[in-house]
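Asks: So that you have it, the file is protein33.json, and it contains JSON, C-alpha atoms:
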[["chain", "number", "residue", "atom", "x", "y", "z"],
["A", 187, "MET", "CA", -24.68, -2.12, 15.01],
["A", 188, "LYS", "CA", -26.44, -3.60, 11.97],
["A", 189, "THR", "CA", -25.39, -6.16, 9.41],
["A", 190, "VAL", "CA", -26.13, -6.01, 5.70],
["A", 191, "ILE", "CA", -25.10, -8.02, 2.68],
["A", 192, "ALA", "CA", -23.00, -5.88, 0.37],
["A", 193, "ASP", "CA", -22.99, -7.10, -3.22],
["A", 194, "LYS", "CA", -20.21, -4.90, -4.54],
["A", 195, "LEU", "CA", -17.70, -4.62, -1.74],
["A", 196, "LEU", "CA", -14.27, -3.63, -3.02],
["A", 197, "TYR", "CA", -11.56, -5.70, -1.37],
["A", 198, "HIS", "CA", -7.90, -5.76, -2.33],
["A", 199, "THR", "CA", -4.76, -7.53, -1.17],
["A", 200, "PRO", "CA", -1.31, -7.49, -2.84],
["A", 201, "LEU", "CA", -2.43, -10.66, -4.66],
["A", 202, "GLY", "CA", -5.27, -8.87, -6.41],
["A", 203, "GLY", "CA", -8.80, -7.83, -5.67],
["A", 204, "GLY", "CA", -12.20, -7.00, -6.99],
["A", 205, "GLU", "CA", -15.85, -6.75, -6.06],
["A", 206, "PHE", "CA", -17.18, -9.32, -3.61],
["A", 207, "ARG", "CA", -20.39, -10.22, -1.86],
["A", 208, "ALA", "CA", -19.92, -10.13, 1.90],
["A", 209, "GLU", "CA", -21.69, -9.51, 5.17],
["A", 210, "VAL", "CA", -20.64, -6.15, 6.56],
["A", 211, "PHE", "CA", -21.26, -4.46, 9.89],
["A", 212, "LEU", "CA", -22.46, -0.87, 9.96],
["A", 213, "SER", "CA", -23.14, 1.70, 12.67],
["A", 214, "GLU", "CA", -26.74, 2.98, 12.93],
["A", 215, "GLU", "CA", -25.73, 6.17, 11.12],
["A", 216, "ASP", "CA", -23.96, 4.36, 8.26],
["A", 217, "PHE", "CA", -26.83, 1.87, 8.02],
["A", 218, "GLU", "CA", -29.24, 4.74, 7.35],
["A", 219, "SER", "CA", -26.92, 6.14, 4.68],
["A", 220, "PHE", "CA", -26.69, 2.68, 3.10],
["A", 221, "GLN", "CA", -30.49, 2.39, 3.07],
["A", 222, "ASN", "CA", -30.57, 5.77, 1.30],
["A", 223, "GLY", "CA", -28.40, 4.41, -1.50],
["A", 224, "VAL", "CA", -24.92, 5.54, -0.43],
["A", 225, "ASP", "CA", -22.15, 3.28, -1.84],
["A", 226, "ILE", "CA", -20.95, 0.77, 0.78],
["A", 227, "ASN", "CA", -17.30, 1.43, -0.13],
["A", 228, "SER", "CA", -17.54, 5.04, 1.03],
["A", 229, "LEU", "CA", -18.87, 4.02, 4.47],
["A", 230, "ASP", "CA", -16.85, 2.87, 7.52],
["A", 231, "TYR", "CA", -17.96, -0.74, 7.37],
["A", 232, "GLY", "CA", -16.64, -3.59, 9.49],
["A", 233, "LEU", "CA", -15.63, -7.06, 8.29],
["A", 234, "SER", "CA", -15.54, -10.15, 10.49],
["A", 235, "GLY", "CA", -12.37, -12.21, 10.86],
["A", 236, "SER", "CA", -13.90, -15.18, 9.07],
["A", 237, "ASP", "CA", -15.04, -13.05, 6.10],
["A", 238, "ILE", "CA", -11.58, -11.49, 5.88],
["A", 239, "GLU", "CA", -10.12, -15.00, 5.67],
["A", 240, "ARG", "CA", -12.68, -16.06, 3.04],
["A", 241, "LEU", "CA", -12.05, -13.01, 0.85],
["A", 242, "SER", "CA", -8.25, -13.39, 1.11],
["A", 243, "ARG", "CA", -8.49, -17.05, 0.12],
["A", 244, "SER", "CA", -10.73, -16.31, -2.82],
["A", 245, "ILE", "CA", -8.29, -13.63, -4.07],
["A", 246, "ALA", "CA", -5.37, -16.05, -3.54],
["A", 247, "LEU", "CA", -7.19, -18.69, -5.59],
["A", 248, "SER", "CA", -7.58, -16.40, -8.59],
["A", 249, "PHE", "CA", -3.94, -15.31, -8.11],
["A", 250, "ILE", "CA", -2.69, -18.87, -8.36],
["A", 251, "GLU", "CA", -4.93, -19.65, -11.36],
["A", 252, "LYS", "CA", -3.57, -16.59, -13.15],
["A", 253, "ASN", "CA", 0.09, -16.76, -12.12],
["A", 254, "TYR", "CA", 1.10, -20.39, -11.65],
["A", 255, "ARG", "CA", 2.25, -20.93, -15.25],
["A", 256, "PRO", "CA", 3.94, -17.52, -15.63],
["A", 257, "VAL", "CA", 5.96, -18.22, -12.43],
["A", 258, "LEU", "CA", 6.76, -21.76, -13.61],
["A", 259, "PHE", "CA", 8.07, -20.51, -16.96],
["A", 260, "LYS", "CA", 9.94, -17.53, -15.47],
["A", 261, "GLU", "CA", 7.59, -15.03, -17.11],
["A", 262, "LYS", "CA", 6.75, -13.59, -13.70],
["A", 263, "SER", "CA", 8.69, -13.14, -10.50],
["A", 264, "LEU", "CA", 6.99, -13.03, -7.10],
["A", 265, "THR", "CA", 7.38, -9.72, -5.26],
["A", 266, "SER", "CA", 8.00, -9.37, -1.54],
["A", 267, "LEU", "CA", 4.52, -7.85, -1.09],
["A", 268, "GLU", "CA", 2.95, -10.89, -2.76],
["A", 269, "LEU", "CA", 5.06, -13.16, -0.58],
["A", 270, "LYS", "CA", 3.84, -11.38, 2.57],
["A", 271, "ALA", "CA", 0.23, -11.74, 1.42],
["A", 272, "ILE", "CA", 0.77, -15.46, 0.72],
["A", 273, "LYS", "CA", 2.27, -15.84, 4.20],
["A", 274, "GLU", "CA", -0.93, -14.34, 5.63],
["A", 275, "VAL", "CA", -3.14, -16.67, 3.60],
["A", 276, "LEU", "CA", -1.13, -19.65, 4.85],
["A", 277, "GLY", "CA", -1.49, -18.30, 8.41],
["A", 278, "LEU", "CA", 2.21, -18.72, 9.14],
["A", 279, "LYS", "CA", 4.80, -16.61, 10.91],
["A", 280, "SER", "CA", 7.99, -15.69, 9.05],
["A", 281, "ASN", "CA", 10.12, -18.36, 10.73],
["A", 282, "GLN", "CA", 7.48, -21.02, 10.04],
["A", 283, "PHE", "CA", 7.17, -20.00, 6.38],
["A", 284, "ALA", "CA", 10.97, -20.11, 6.09],
["A", 285, "ILE", "CA", 10.97, -23.72, 7.38],
["A", 286, "VAL", "CA", 8.20, -24.71, 4.96],
["A", 287, "LEU", "CA", 10.30, -23.31, 2.09],
["A", 288, "GLY", "CA", 13.51, -24.88, 3.32],
["A", 289, "LEU", "CA", 15.17, -21.53, 3.96],
["A", 290, "ASP", "CA", 16.81, -20.15, 7.08],
["A", 291, "LYS", "CA", 15.13, -17.26, 8.87],
["A", 292, "GLY", "CA", 17.79, -14.72, 7.84],
["A", 293, "SER", "CA", 17.53, -15.49, 4.12],
["A", 294, "PHE", "CA", 13.76, -15.35, 4.25],
["A", 295, "SER", "CA", 13.85, -12.04, 6.11],
["A", 296, "ASN", "CA", 16.22, -10.64, 3.43],
["A", 297, "ILE", "CA", 13.78, -11.74, 0.72],
["A", 298, "LEU", "CA", 10.86, -10.12, 2.54],
["A", 299, "SER", "CA", 12.75, -6.84, 2.92],
["A", 300, "ASP", "CA", 13.81, -6.87, -0.76],
["A", 301, "ASN", "CA", 17.51, -7.26, 0.07],
["A", 302, "ARG", "CA", 17.74, -10.57, -1.72],
["A", 303, "GLU", "CA", 16.04, -12.00, -4.79],
["A", 304, "MET", "CA", 14.09, -15.20, -4.45],
["A", 305, "GLN", "CA", 15.47, -18.17, -6.39],
["A", 306, "HIS", "CA", 13.22, -19.59, -9.11],
["A", 307, "PRO", "CA", 12.78, -23.05, -7.45],
["A", 308, "THR", "CA", 11.75, -21.30, -4.22],
["A", 309, "GLN", "CA", 9.15, -19.28, -6.12],
["A", 310, "ILE", "CA", 7.71, -22.48, -7.57],
["A", 311, "LEU", "CA", 7.68, -24.00, -4.07],
["A", 312, "VAL", "CA", 5.79, -20.94, -2.74],
["A", 313, "MET", "CA", 3.14, -21.42, -5.43],
["A", 314, "GLU", "CA", 2.98, -25.15, -4.71],
["A", 315, "ARG", "CA", 2.51, -24.54, -0.98],
["A", 316, "LEU", "CA", -0.19, -21.95, -1.69],
["A", 317, "GLY", "CA", -1.99, -24.31, -4.07],
["A", 318, "LEU", "CA", -1.82, -27.11, -1.51],
["A", 319, "GLU", "CA", -3.23, -24.89, 1.24],
["A", 320, "LEU", "CA", -6.09, -23.65, -0.93],
["A", 321, "SER", "CA", -7.08, -27.12, -2.06],
["A", 322, "ARG", "CA", -6.69, -28.68, 1.40],
["A", 323, "PRO", "CA", -6.85, -26.08, 4.17],
["A", 324, "GLY", "CA", -4.43, -26.81, 7.00],
["A", 325, "SER", "CA", -2.04, -28.87, 4.84],
["A", 326, "VAL", "CA", 0.86, -26.45, 5.14],
["A", 327, "LYS", "CA", 0.58, -26.34, 8.92],
["A", 328, "ALA", "CA", 0.55, -30.14, 8.87],
["A", 329, "ILE", "CA", 3.88, -30.07, 6.98],
["A", 330, "LEU", "CA", 5.21, -27.81, 9.70],
["A", 331, "GLU", "CA", 4.14, -30.23, 12.41],
["A", 332, "GLU", "CA", 6.02, -33.01, 10.64],
["A", 333, "TYR", "CA", 9.10, -30.87, 10.40],
["A", 334, "PRO", "CA", 10.53, -30.62, 13.94],
["A", 335, "SER", "CA", 11.73, -34.23, 13.93],
["A", 336, "GLU", "CA", 13.71, -33.54, 10.72],
["A", 337, "LEU", "CA", 14.98, -30.32, 12.23],
["A", 338, "LYS", "CA", 16.15, -32.19, 15.30],
["A", 339, "ILE", "CA", 18.08, -34.61, 13.08],
["A", 340, "ASP", "CA", 19.60, -31.61, 11.28],
["A", 341, "LEU", "CA", 20.65, -30.04, 14.56],
["A", 342, "ALA", "CA", 22.08, -33.29, 15.84],
["A", 343, "ALA", "CA", 24.03, -33.70, 12.59],
["A", 344, "LYS", "CA", 25.33, -30.14, 12.88],
["A", 345, "GLU", "CA", 26.50, -30.82, 16.41],
["A", 346, "VAL", "CA", 28.40, -33.93, 15.31],
["A", 347, "ILE", "CA", 29.96, -32.06, 12.36],
["A", 348, "GLU", "CA", 31.06, -29.20, 14.63],
["A", 349, "LYS", "CA", 32.51, -31.63, 17.15],
["A", 350, "VAL", "CA", 34.52, -33.29, 14.41],
["A", 351, "ARG", "CA", 35.55, -29.98, 12.87],
["A", 352, "PHE", "CA", 36.71, -28.37, 16.11],
["A", 353, "ALA", "CA", 37.96, -31.49, 17.85],
["A", 354, "LYS", "CA", 41.55, -31.61, 18.99],
["A", 355, "PRO", "CA", 43.57, -33.87, 16.69],
["A", 356, "ALA", "CA", 44.28, -37.23, 18.22],
["A", 357, "ALA", "CA", 47.72, -37.51, 19.72],
["B", 201, "MET", "CA", -19.02, -1.83, 31.81],
["B", 202, "SER", "CA", -16.02, -1.74, 34.15],
["B", 203, "LYS", "CA", -12.52, -2.45, 32.87],
["B", 204, "THR", "CA", -12.45, -5.83, 34.63],
["B", 205, "GLU", "CA", -15.75, -6.85, 33.02],
["B", 206, "PHE", "CA", -14.57, -5.58, 29.65],
["B", 207, "GLU", "CA", -11.29, -7.48, 29.99],
["B", 208, "LYS", "CA", -13.07, -10.71, 30.89],
["B", 209, "LEU", "CA", -15.49, -10.43, 27.96],
["B", 210, "PHE", "CA", -12.74, -9.30, 25.57],
["B", 211, "HIS", "CA", -10.56, -12.31, 26.33],
["B", 212, "SER", "CA", -13.45, -14.72, 25.85],
["B", 213, "LEU", "CA", -14.53, -13.12, 22.56],
["B", 214, "ARG", "CA", -11.11, -12.69, 20.95],
["B", 215, "LYS", "CA", -10.55, -16.44, 20.81],
["B", 216, "ASP", "CA", -13.17, -16.65, 18.05],
["B", 217, "LYS", "CA", -12.27, -14.93, 14.76],
["B", 218, "ASN", "CA", -15.98, -14.72, 13.90],
["B", 219, "ARG", "CA", -16.41, -12.34, 16.79],
["B", 220, "ILE", "CA", -13.65, -9.96, 15.73],
["B", 221, "ILE", "CA", -14.76, -7.17, 13.44],
["B", 222, "VAL", "CA", -12.20, -4.93, 11.80],
["B", 223, "LYS", "CA", -13.49, -1.53, 10.75],
["B", 224, "LYS", "CA", -12.40, -0.14, 7.39],
["B", 225, "HIS", "CA", -10.82, 2.88, 9.11],
["B", 226, "ALA", "CA", -8.29, 0.60, 10.83],
["B", 227, "PHE", "CA", -6.80, -0.88, 7.65],
["B", 228, "LYS", "CA", -7.69, 1.42, 4.77],
["B", 229, "ASP", "CA", -7.48, 5.04, 5.88],
["B", 230, "TYR", "CA", -3.75, 4.99, 6.72],
["B", 231, "PRO", "CA", -2.02, 2.78, 4.13],
["B", 232, "GLU", "CA", 1.39, 4.02, 5.34],
["B", 233, "ARG", "CA", 0.87, 2.08, 8.58],
["B", 234, "GLY", "CA", 0.89, -1.08, 6.50],
["B", 235, "PHE", "CA", -1.88, -3.01, 8.25],
["B", 236, "SER", "CA", -3.86, -5.65, 6.48],
["B", 237, "PRO", "CA", -7.20, -6.86, 7.92],
["B", 238, "SER", "CA", -5.78, -10.37, 8.43],
["B", 239, "GLU", "CA", -2.79, -8.99, 10.38],
["B", 240, "ILE", "CA", -5.12, -7.02, 12.68],
["B", 241, "VAL", "CA", -7.18, -10.15, 13.38],
["B", 242, "GLU", "CA", -4.01, -12.14, 14.17],
["B", 243, "LEU", "CA", -2.79, -9.38, 16.52],
["B", 244, "ILE", "CA", -6.08, -9.42, 18.44],
["B", 245, "VAL", "CA", -5.94, -13.20, 18.77],
["B", 246, "GLY", "CA", -2.29, -13.10, 19.84],
["B", 247, "PRO", "CA", -0.68, -11.95, 23.11],
["B", 248, "GLY", "CA", -1.05, -8.39, 24.41],
["B", 249, "ARG", "CA", -2.35, -6.20, 27.22],
["B", 250, "LEU", "CA", -5.37, -3.95, 27.60],
["B", 251, "PHE", "CA", -4.95, -0.32, 28.67],
["B", 252, "ASP", "CA", -7.33, 2.60, 29.10],
["B", 253, "ASN", "CA", -7.73, 4.74, 26.01],
["B", 254, "LYS", "CA", -6.39, 8.10, 27.14],
["B", 255, "ALA", "CA", -6.59, 9.85, 23.76],
["B", 256, "ALA", "CA", -8.36, 13.21, 23.78],
["B", 257, "THR", "CA", -10.74, 12.05, 21.07],
["B", 258, "ALA", "CA", -11.24, 8.58, 22.57],
["B", 259, "LYS", "CA", -14.62, 6.92, 22.05],
["B", 260, "PRO", "CA", -16.40, 6.15, 25.35],
["B", 261, "ASN", "CA", -15.85, 2.60, 26.61],
["B", 262, "SER", "CA", -12.95, 2.02, 24.24],
["B", 263, "TYR", "CA", -9.65, 0.46, 25.32],
["B", 264, "VAL", "CA", -6.24, 0.08, 23.74],
["B", 265, "TRP", "CA", -4.81, -3.38, 23.04],
["B", 266, "HIS", "CA", -1.02, -3.13, 23.21],
["B", 267, "CYS", "CA", 0.83, -5.88, 21.38],
["B", 268, "ARG", "CA", 3.83, -6.43, 19.14],
["B", 269, "ASP", "CA", 3.95, -7.31, 15.46],
["B", 270, "GLU", "CA", 6.26, -9.91, 13.94],
["B", 271, "ASP", "CA", 9.11, -7.42, 13.65],
["B", 272, "GLU", "CA", 8.74, -6.55, 17.36],
["B", 273, "ASN", "CA", 7.26, -3.11, 16.60],
["B", 274, "GLU", "CA", 4.80, -1.85, 19.20],
["B", 275, "VAL", "CA", 1.21, -1.89, 17.97],
["B", 276, "GLU", "CA", -1.79, -0.17, 19.51],
["B", 277, "LEU", "CA", -5.28, -1.29, 18.50],
["B", 278, "VAL", "CA", -8.30, 0.63, 19.75],
["B", 279, "VAL", "CA", -11.01, -1.86, 20.66],
["B", 280, "LEU", "CA", -14.68, -1.67, 21.63],
["B", 281, "ILE", "CA", -17.22, -4.34, 22.47],
["B", 282, "GLU", "CA", -20.63, -4.12, 20.86],
["B", 283, "VAL", "CA", -23.50, -6.29, 21.93],
["B", 284, "THR", "CA", -25.61, -7.09, 18.91],
["B", 285, "TYR", "CA", -28.78, -8.95, 18.11],
["B", 286, "VAL", "CA", -29.48, -12.67, 18.39],
["B", 287, "PRO", "CA", -27.70, -15.00, 17.45],
["B", 288, "ARG", "CA", -24.66, -12.92, 18.22],
["B", 289, "GLU", "CA", -26.04, -11.60, 21.48],
["B", 290, "GLN", "CA", -22.79, -12.30, 23.29],
["B", 291, "GLY", "CA", -21.06, -9.38, 21.61],
["B", 292, "MET", "CA", -18.35, -8.65, 19.11],
["B", 293, "VAL", "CA", -14.91, -7.14, 19.46],
["B", 294, "LEU", "CA", -14.71, -4.10, 17.23],
["B", 295, "VAL", "CA", -11.28, -2.90, 16.14],
["B", 296, "ILE", "CA", -11.77, 0.71, 15.17],
["B", 297, "SER", "CA", -8.23, 1.97, 14.81],
["B", 298, "ALA", "CA", -4.69, 0.64, 14.46],
["B", 299, "PHE", "CA", -1.34, 2.30, 15.01],
["B", 300, "ARG", "CA", 2.21, 0.98, 14.70],
["B", 301, "ARG", "CA", 5.24, 2.50, 16.44],
["B", 302, "LEU", "CA", 8.28, 1.60, 14.36],
["B", 303, "LYS", "CA", 11.51, 0.62, 16.10],
["B", 304, "GLY", "CA", 14.47, 3.00, 16.01]]
Any chance you could give the structure as structure tokens?
Replies:
Amino acid sequence: MKTVIADKLLYHTPLGGGEFRAEVFLSEEDFESFQNGVDINSLDYGLSGSDIERLSRSIALSFIEKNYRPVLFKEKSLTSLELKAIKEVLGLKSNQFAIVLGLDKGSFSNILSDNREMQHPTQILVMERLGLELSRPGSVKAILEEYPSELKIDLAAKEVIEKVRFAKPAA
Amino acid sequence: MSKTEFEKLFHSLRKDKNRIIVKKHAFKDYPERGFSPSEIVELIVGPGRLFDNKAATAKPNSYVWHCRDEDENEVELVVLIEVTYVPREQGMVLVISAFRRLKG
């Protein structure tokens, strides 16, 4: 296997795409074709995990630059495909992303499967979380680590409420 | 390389995302399977089990990594290990194909 630097690698995600410069891995056969001037995009190249992450982040950055204001002023609505791509950039699982957005898992799953429309404040929060992650990598996961204590309080409160609600009336 | 040796090397390499290479065929040639390169990397890093690749057209020394996606669908990723030049002489995990078996 050989590595080459491709200057015009086409890479797309639901958040956008374009031509990028990246290190790609080629088989001996494909390397020869590349040396003979064959376009890299027609070859079966390989991308490393770290380059995939870098390209996705760079696409997400131009997405947020282009779409933050339109989302803020209700000129654009986030699609479920975009939401899935943002979830990947943040490196979160569905239940974790739901917590970060203050939603329950069911509602978030309905949004992802297009059964429910996302509220405007939630869309703004998604863009905020994405912006935070891109400016300070790891920030969103840090929010998640802070969360369990709040969640525990929520659960404890729920338990008390249910006890009160279903308690036998005092004689 | 025996399966045990492959397994040992695979588990040590898959911890490092730099050592996972996703081939274009795995994420671009079958868009209906809905794989993105990042999802494939996460699936390799995550839990799963290695099996022999019993496909008729299987590449020599390739194995199948069985795992589950977030929606609990079964996923099969065909993996190879390639030893490359210095400084990556330890090898790289190559994901050459990806298949998802949808529930129901």
Asks: Any idea what the distance is between CA of Arg249 (chain B) and CA of Trp265 (chain B)?
Replies: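 Going from CA of Arg249 (chain B) over to CA of Trp265 (chain B) covers 5.6 Å.
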Asks: Between B:Ser297, B:Ile244, B:Glu276, B:Ser238, which is the closest to His211 (chain B) once you count all atoms listed in the file?
Replies: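 Counting all atoms listed in the file, the residue closest to His211 (chain B) is B:Ile244.
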Asks: One number please: CA of Asp216 (chain A) to CA of Ala192 (chain A), in Å, one decimal.
Replies: 13.0 Å
Asks: Would you list the residues near (-21.2, -3.4, 6.7) (no more than 9 Å away, in the coordinates of the file, using all atoms listed in the file) as an NGL selection string?
Replies: (:A and (188-192 or 208-213 or 216-217 or 220 or 226 or 229-233)) or (:B and (223))
Asks: Keeping only C-alpha atoms, write the selected residues to a file as a compact mmCIF listing (two decimals), keeping the file's coordinate frame.
Replies:
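Output file selection_7.txt follows:
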# COMPACT_ATOMS: atom_id res chain seq x y z
CA LYS A 188 -26.44 -3.60 11.97
CA THR A 189 -25.39 -6.16 9.41
CA VAL A 190 -26.13 -6.01 5.70
CA ILE A 191 -25.10 -8.02 2.68
CA ALA A 192 -23.00 -5.88 0.37
CA ALA A 208 -19.92 -10.13 1.90
CA GLU A 209 -21.69 -9.51 5.17
CA VAL A 210 -20.64 -6.15 6.56
CA PHE A 211 -21.26 -4.46 9.89
CA LEU A 212 -22.46 -0.87 9.96
CA SER A 213 -23.14 1.70 12.67
CA ASP A 216 -23.96 4.36 8.26
CA PHE A 217 -26.83 1.87 8.02
CA PHE A 220 -26.69 2.68 3.10
CA ILE A 226 -20.95 0.77 0.78
CA LEU A 229 -18.87 4.02 4.47
CA ASP A 230 -16.85 2.87 7.52
CA TYR A 231 -17.96 -0.74 7.37
CA GLY A 232 -16.64 -3.59 9.49
CA LEU A 233 -15.63 -7.06 8.29
CA LYS B 223 -13.49 -1.53 10.75
Asks: Figure out the distance between CA of Leu298 (chain A) and CA of Glu332 (chain A), please, to one decimal in Å.
Replies: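 Separation between CA of Glu332 (chain A) and CA of Leu298 (chain A): 24.8 Å.
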Asks: Please tabulate, as CSV, the residues of chain A that come within 12 Å of chain B, each with its closest pair of atoms and the distance in Å to one decimal, counting only C-alpha atoms and ordering rows by chain, then residue number upward.
Replies:
residue,atom,partner,partner_atom,distance
A:Met187,CA,B:Thr284,CA,6.4
A:Lys188,CA,B:Thr284,CA,7.8
A:Thr189,CA,B:Thr284,CA,9.5
A:Leu195,CA,B:Lys224,CA,11.5
A:Leu196,CA,B:Lys224,CA,11.1
A:Tyr197,CA,B:Lys228,CA,10.2
A:His198,CA,B:Ser236,CA,9.7
A:Thr199,CA,B:Ser236,CA,7.9
A:Pro200,CA,B:Ser236,CA,9.8
A:Glu209,CA,B:Ile221,CA,11.0
A:Val210,CA,B:Ile221,CA,9.1
A:Phe211,CA,B:Ile221,CA,7.9
A:Leu212,CA,B:Lys223,CA,9.0
A:Ser213,CA,B:Lys223,CA,10.4
A:Glu214,CA,B:Thr284,CA,11.8
A:Ile226,CA,B:Lys224,CA,10.8
A:Asn227,CA,B:Lys224,CA,9.1
A:Ser228,CA,B:Lys224,CA,9.7
A:Leu229,CA,B:Lys224,CA,8.2
A:Asp230,CA,B:Lys224,CA,5.4
A:Tyr231,CA,B:Lys224,CA,5.6
A:Gly232,CA,B:Lys223,CA,4.0
A:Leu233,CA,B:Ile221,CA,5.2
A:Ser234,CA,B:Ile221,CA,4.3
A:Gly235,CA,B:Lys217,CA,4.8
A:Ser236,CA,B:Asn218,CA,5.3
A:Asp237,CA,B:Asn218,CA,8.0
A:Ile238,CA,B:Ser238,CA,6.4
A:Glu239,CA,B:Ser238,CA,6.9
A:Arg240,CA,B:Ser238,CA,10.4
A:Leu241,CA,B:Ser238,CA,10.2
A:Ser242,CA,B:Ser238,CA,8.3
A:Arg243,CA,B:Ser238,CA,11.0
A:Leu267,CA,B:Gly234,CA,10.8
A:Lys270,CA,B:Ser236,CA,10.4
A:Ala271,CA,B:Ser236,CA,8.9
A:Ile272,CA,B:Ser238,CA,11.3
A:Lys273,CA,B:Glu239,CA,10.5
A:Glu274,CA,B:Ser238,CA,6.9
A:Val275,CA,B:Ser238,CA,8.4
A:Leu276,CA,B:Ser238,CA,11.0
A:Gly277,CA,B:Glu242,CA,8.8
A:Leu278,CA,B:Glu242,CA,10.4
A:Lys279,CA,B:Glu270,CA,7.5
A:Ser280,CA,B:Glu270,CA,7.8
A:Asn281,CA,B:Glu270,CA,9.8
A:Gln282,CA,B:Glu270,CA,11.8
A:Ser295,CA,B:Asp271,CA,10.0
A:Leu298,CA,B:Asp271,CA,11.6
A:Ser299,CA,B:Asp271,CA,11.3
Asks: Just the residues within 7 Å of region 254-264 of chain B, please, counting only C-alpha atoms, with nothing from its chain fewer than 3 positions along; format it as a ChimeraX atom specification.
Replies: /B:250-251,276-280
Asks: Extract, using only C-alpha atoms, all DNA, RNA and protein residues at most 8 Å from Lys262 (chain A), discarding same-chain residues fewer than 5 positions from it, and format them as JSON, numbers by chain.
Replies: {"A": [253, 256, 257]}
Asks: Please list as a PyMOL selection string every residue within 10 Å of Met201 (chain B), counting all atoms listed in the file and excluding residues in the same chain fewer than 5 positions away.
Replies: chain B and resi 206-207+261+281
Asks: How would you write as a list in words the residues that get within 7 Å of (0.9, -1.4, 10.0) in the file's frame, counting all atoms listed in the file?
Replies: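 Output: Arg233, Gly234, Phe235, Phe299 and Arg300 of chain B.
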Asks: Quick one: of B:Val245, B:Cys267, B:Leu209, B:Val275, who's nearest to Arg301 (chain B), counting only C-alpha atoms?
Replies: B:Val275
Asks: When distances are computed from only C-alpha atoms, which of A:Gly203, A:Met304, A:Val286, A:Asn296 shows the smallest separation from Ser325 (chain A)?
Replies: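 Result for the nearest residue to Ser325 (chain A): A:Val286.
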Asks: I want to know what sits within 10 Å of Gln309 (chain A), based on all atoms listed in the file, with residues of the same chain fewer than 5 positions away left out; could you give that as JSON, numbers by chain?
Replies: {"A": [254, 257, 258, 260, 262, 263, 264, 265, 269, 287, 304, 314, 315]}
Asks: Restricting the output to C-alpha atoms, write the selected residues as a CSV table (one decimal), in the frame of the given file.
Replies:
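Saved to result-v7.csv:
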chain,number,residue,atom,x,y,z
A,254,TYR,CA,1.1,-20.4,-11.6
A,257,VAL,CA,6.0,-18.2,-12.4
A,258,LEU,CA,6.8,-21.8,-13.6
A,260,LYS,CA,9.9,-17.5,-15.5
A,262,LYS,CA,6.8,-13.6,-13.7
A,263,SER,CA,8.7,-13.1,-10.5
A,264,LEU,CA,7.0,-13.0,-7.1
A,265,THR,CA,7.4,-9.7,-5.3
A,269,LEU,CA,5.1,-13.2,-0.6
A,287,LEU,CA,10.3,-23.3,2.1
A,304,MET,CA,14.1,-15.2,-4.4
A,314,GLU,CA,3.0,-25.2,-4.7
A,315,ARG,CA,2.5,-24.5,-1.0
